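**Q** Just dropping this structure here.
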Amino acid sequence: MTRYFTEDHEWIEVEGDLGTVGITDYAQGQLGDITFVDLPEVGASVAKGDSVSVVDSVKAASDIYTPASGTITEVNQVLADEPELVNTEAEVGGWLYRMTLSDAAELGSLMDEAAYKTYVESL
Amino acid sequence: MRYLPLTPADRAEMLGVIGAASVDDLFVDVPEEARLSGPIEGLPMHASEMAVERHMTALAAKNLSAGSAPFFLGAGAYRHHVPASVDHLIQRGEFLTAYTPYQPEIAQGTLQVLFEFQTQVARLLGTDIANASMYDGSTACWEAILMAARVTRKGRAVLSGGLHPHYGEVVRTMAKFTGDEIVSLGTDLTAEPDDAAVIGAIDDKTSCVVVQYPDVLGRIPDLAAIAEAIHAKGGLLVAVVTEPVALGLIEAPGALGADIVVGEGQSLGVGLQFGGPYLGLLGCREKFVRQMPGRLCGETVDAEGKRGFVLTLSTREQHIRREKATSNICTNSGLCALAFSIHLTLLGGEGLAQLAAVNHAKAQALVERLTRIPGVELLNHAYFNEATLILPRDAREVVRELAERGVLGGVSLSRLFPVADGLDKALLVAATETVTDEDIETFATELEALLVGVPA
Amino acid sequence: MSTVNAAGWKPTMGDVGGDAGGEAGAEGGAPLKTASGDYGLMLEEALIFELGAKDKCGVDFDEADRAPAAGLSKFLRKSVPDLPGLTEPEAVRHYTRLSRQNYAIDLGPFPLGSCTMKHNPRLNESMARLPGFADVHPMQPQTTVQGALEVIEQLANWLITLTGMASVAMSPKAGAHGELCGLLCIRAALDARGETRDVVLVPESAHGTNPATAAFAGFKVQSIPATPDGRVDVAALKEKLGPNVAGVMITNPNTCGLFESELKTIADAVHAAGGYVYCDGANFNAIVGKVRPGDLGVDAMHINLHKTFSTPHGGGGPGAGPVVLSQALAPFAPLPFVTRGADGMIHLVEEENRGEGHSQAFGRMVAFHGQMGMFTRALTYILSHGADGLRQVAEDAVLNANYVLRACEDVLPAPFAQSGPCMHEALFSDAGLADGISTLDIAKGLIDEGFHPMTVYFPLVVKGAMLVEPTETESKAGLDRFIGSLRSLAERAKAGDQSLHSAPHFAPRRRLDETQAARKPVLVWQG
């Protein structure tokens, strides 16, 4: 199991050809209280960098760009009633969706945890 | 100048604080060649309140006001009696001169009114929820079509031929630019509305059907049957109500299966005003809330736990989503919504039902009297306070000649549908609680005089 | 029904940092509490759903003299609508009590930048209520509404002359609707040229309606950066021009309160590249009578009648957004509009007679003819001021804003104070305040001082922006009081006065929980 990060503050945890995607704890802190998560449709096929989901706070709506290409297999239904989970457990129970990856090579351009930490500190 | 508080001495002192020699120094960023050296020539100078009043009163006197003649026009704008307290209350400075309630701590008056308005509209239309109003019925209609497209992810809307032609024209204009497919059914002079044609036009790609209730000819479509047909194909029923008073007597569209209900709210609280400002109503199922256009007011609590209201779900709106907003609308029709809400509060449910019953009774009296004139026939099988009559001659000419005789006798269908054929002899007449028996008799007498000798 | 006042608001004078619990007693004992939950003139008000009943009514009717027609029977409602009613005295009291929980321009300065909250003359209201205007149906025979059509014609002439443009489309219902009208004219003009340009350039400081409208009209939006002095980066804009650019949308004066001095240069470049110039006229009140947008190369500009020409904002509308158009765009203006015939009669050009020289009209944007009630008010205002008075309006608006700017720039950072005079609004930021104290706290502090806050966090290009637009209808004495409060708040904020975090303390409500409102929306009364 390996976790990768993007410069737009998404994370993806990869196991085989399956990925779980969320936003980072840093990102949720920047957004403030999350009020709603617009989740993608299961079965949708997406390309890396597509805006597939929107996370709303009171005064902002933030597009979530998928870190990898593939097909959405599952969305986190709990968020429909408890969007605050993205605040409290951004990198655990506040995951957004799962997907099958169509091109594992894409992951090479993402950051690992240490690199992301350095990146955030530079902001 | 009576609206400008600064005195010459104030101006001089303020320029001193600013460090400018003259007010022109404050306009240095305007290119010199574009700066005007004095008042624009050819325009009048300032005028006293008396002088302006004289000018405006003279213009107003050139119009024949509805209250000064027997009056029978409808077609999407209705003359109802608005209780005097409505206009008094909306002129309270705290309502009239407040801004959009972006600072909720000092705008609870406006916000509570909007919350009450949303609830009243939802109950009236029979929907789960409603927004805080839109520009008018026609723009609300277009917004409903866009909303249906977002909900269903389809882009083909079917417009009933009973839809107000201006609404249809607004929709077709906008759709030209957005690329949505609009199927407009024709308008025929039949006793029943075009429910069958609407149902027949539904296919798998249809996002919604748009059906006016009562329709522009005053006929009443069977919304339940249409709802069943469109739902079977995965689309939505958008019902359009241009005369909300009707909902005191006939079933609410939401209760009949309409998914989105839009309307023109002018009938309640807002005068005719030559066409505006009016207010658009929009209600829908709760599950579509994130796809709704326009402002929404929601209940919450303040830091001490007291109930209060705020504008909410603003992430749908232009000032946050920018090019991804659900709509570019910024302004709603706040003061008209207030007037609507006050009028509806003064009526209450029973009062609205009674008002509707009176309207329908007046319309029956009108239709009965006019159809006693040889050659005048009623088209509609059913109607509320407005119906279509077939005259033995060109209705538009008749309307003009009636006006010359001091009677405002309805709207000819050829004025409403200028490019359609076969509607020349059709006259749309409305009667509300404001119509007296004498008005009806005068109308009938003058109409009969105009039709004498015309073969039926 | 009985629990409403249990949640009522209570003033907490004297203990601004303290928690709820009412005012301290005269002897410093237990907080004073009233049995009603009201405190003197500070009154709570329940919802109509808690106060009313559906069989209560404030209107008297004749009984309907007959039963519904047989044809209607299958459509009849099964029950009376569930809508609460109130008698007239109850209704008047309900709405009057609610009104007292609102701040309004009638109560004090309302310095919302870019929103233009100026005095609303009451003559406008009384003229709009003349039966000849208020009680006229939009579909009456045109011979019976010549006065109404003349109001439209006269207002149109004023707008054309004041802006130096060729034509005006009167029907748009509000500013954003006017923007849409202008962009659709541009689309129609491009279509007529057989071109499919699909990009609109919008400065990053623009109001959110600009990109929203451009997208709504089917254009792709490209952002143009600003220069450090707060104006459009002309070089960057020129680089983006090309055969795919339909036009630019520029706000002038811009949202930083500055005049775009290079607008003519920009317009020439855009025209040379085959595009059109849309000007957002939200801030026209700063320049009316001083400069005509038509002289600066503008092709289309909406005018918010509720801003420049004082029609009331009404708690959020109705507005009105006529759009003035250049010669190039005039043929594409939407229906309807008014023209005067050879016989001296004014008539409406609508779908049926569009062939008479208006066959290129792009369509129709509204039912009927636009915001007539607003036209009457705006014309009344314009005639009151006249050409000389309107010029004075712009001068006093700009003078007042510069006065506020210079009177506060030593205590609050003013990011573009060195860019020259501001126009009708002064821009400040929260840079340099004590840690944790922000623009929001200053805004809420102003509420406690008895003022409406300025526009906050807009424009987006300035972090923690505070945009102050006093307008021309504030007196110097009124401005001095406002400046005194703003300076005091700035000093408290610098000193780290933590009580600002919980402001307002003296308003009908404390800060409201917007997160809860958005997470679990309650949009109708749940009872």
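By convention in this document, the chains of the structure tokens carry letters A, B, ... by their order, each chain's residues are numbered from 1, and ligands are numbered from 1 in the order they are shown.
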Extract, using only C-alpha atoms, all DNA, RNA and protein residues at most 9 Å from Ser85 of chain B, discarding same-chain residues fewer than 2 positions from it, and format them as a ChimeraX atom specification.

**A** /B:82-83,87-90,342-343 /C:88,91-92

**Q** Selection from above, C-alpha atoms, as an mmCIF file, in the first residue's frame, can you write it?

**A**
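Listed below is the output, out_1.cif:
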```cif
data_model
loop_
_atom_site.group_PDB
_atom_site.id
_atom_site.type_symbol
_atom_site.label_atom_id
_atom_site.label_comp_id
_atom_site.auth_asym_id
_atom_site.auth_seq_id
_atom_site.Cartn_x
_atom_site.Cartn_y
_atom_site.Cartn_z
ATOM 1 C CA VAL B 82 -53.888 44.784 -2.984
ATOM 2 C CA PRO B 83 -54.733 45.684 0.629
ATOM 3 C CA ASP B 87 -47.865 49.087 0.188
ATOM 4 C CA HIS B 88 -47.528 50.857 3.506
ATOM 5 C CA LEU B 89 -45.386 48.090 4.968
ATOM 6 C CA ILE B 90 -43.071 47.665 1.995
ATOM 7 C CA ILE B 342 -47.567 40.213 3.213
ATOM 8 C CA HIS B 343 -50.531 39.859 0.877
ATOM 9 C CA GLU C 88 -54.634 43.518 9.490
ATOM 10 C CA ALA C 91 -49.998 41.683 10.127
ATOM 11 C CA VAL C 92 -49.016 45.337 10.387
#
```

**Q** Got a sec to pull out which chain A residues are within 7 Å of chain B, counting only C-alpha atoms, and send them as a list of chain:residue names?

**A** A:Asp56, A:Lys59, A:Ala60, A:Ala61

**Q** Any idea what's packed within 12 Å of Val289 of chain B, counting only C-alpha atoms, ignoring anything in its chain fewer than 4 positions away? Could you give it as JSON, numbers by chain?

**A** {"A": [36], "B": [127, 128, 129, 130, 131, 147, 148, 150, 151, 259, 260, 282, 283, 284, 285, 293, 294, 295, 296, 298, 312, 313, 314, 315, 316, 326], "C": [518, 520, 521, 522, 523]}

**Q** Just to confirm, what's the straight-line distance from atom CA of Glu386 of chain B to atom CA of Ala134 of chain C in Å (one decimal)?

**A**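 Computed distance, atom CA of Glu386 of chain B to atom CA of Ala134 of chain C, equals 21.9 Å.
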
**Q** Using only C-alpha atoms and a distance of at most 9 Å, pull out the residues of chain C that contact chain A, as number ranges by chain.

**A** C: 514-520

**Q** Could the residues in this selection be written to a file with N, CA and C atoms, as a PDB file, in the first residue's frame?

**A**
```pdb
ATOM      1  N   GLU C 514     -23.240  29.810  10.147  1.00  0.00           N
ATOM      2  CA  GLU C 514     -23.480  29.573   8.721  1.00  0.00           C
ATOM      3  C   GLU C 514     -23.098  28.157   8.316  1.00  0.00           C
ATOM      4  N   THR C 515     -22.196  27.546   9.071  1.00  0.00           N
ATOM      5  CA  THR C 515     -21.816  26.164   8.760  1.00  0.00           C
ATOM      6  C   THR C 515     -23.003  25.226   8.967  1.00  0.00           C
ATOM      7  N   GLN C 516     -23.663  25.378  10.102  1.00  0.00           N
ATOM      8  CA  GLN C 516     -24.840  24.535  10.358  1.00  0.00           C
ATOM      9  C   GLN C 516     -25.901  24.772   9.281  1.00  0.00           C
ATOM     10  N   ALA C 517     -26.106  26.037   8.907  1.00  0.00           N
ATOM     11  CA  ALA C 517     -27.120  26.350   7.903  1.00  0.00           C
ATOM     12  C   ALA C 517     -26.826  25.652   6.587  1.00  0.00           C
ATOM     13  N   ALA C 518     -25.551  25.553   6.234  1.00  0.00           N
ATOM     14  CA  ALA C 518     -25.182  24.961   4.942  1.00  0.00           C
ATOM     15  C   ALA C 518     -25.111  23.440   4.996  1.00  0.00           C
ATOM     16  N   ARG C 519     -24.738  22.902   6.182  1.00  0.00           N
ATOM     17  CA  ARG C 519     -24.617  21.437   6.258  1.00  0.00           C
ATOM     18  C   ARG C 519     -25.974  20.767   6.286  1.00  0.00           C
ATOM     19  N   LYS C 520     -26.872  21.325   7.034  1.00  0.00           N
ATOM     20  CA  LYS C 520     -28.207  20.731   7.164  1.00  0.00           C
ATOM     21  C   LYS C 520     -29.226  21.801   6.828  1.00  0.00           C
TER      22      LYS C 520
END
```
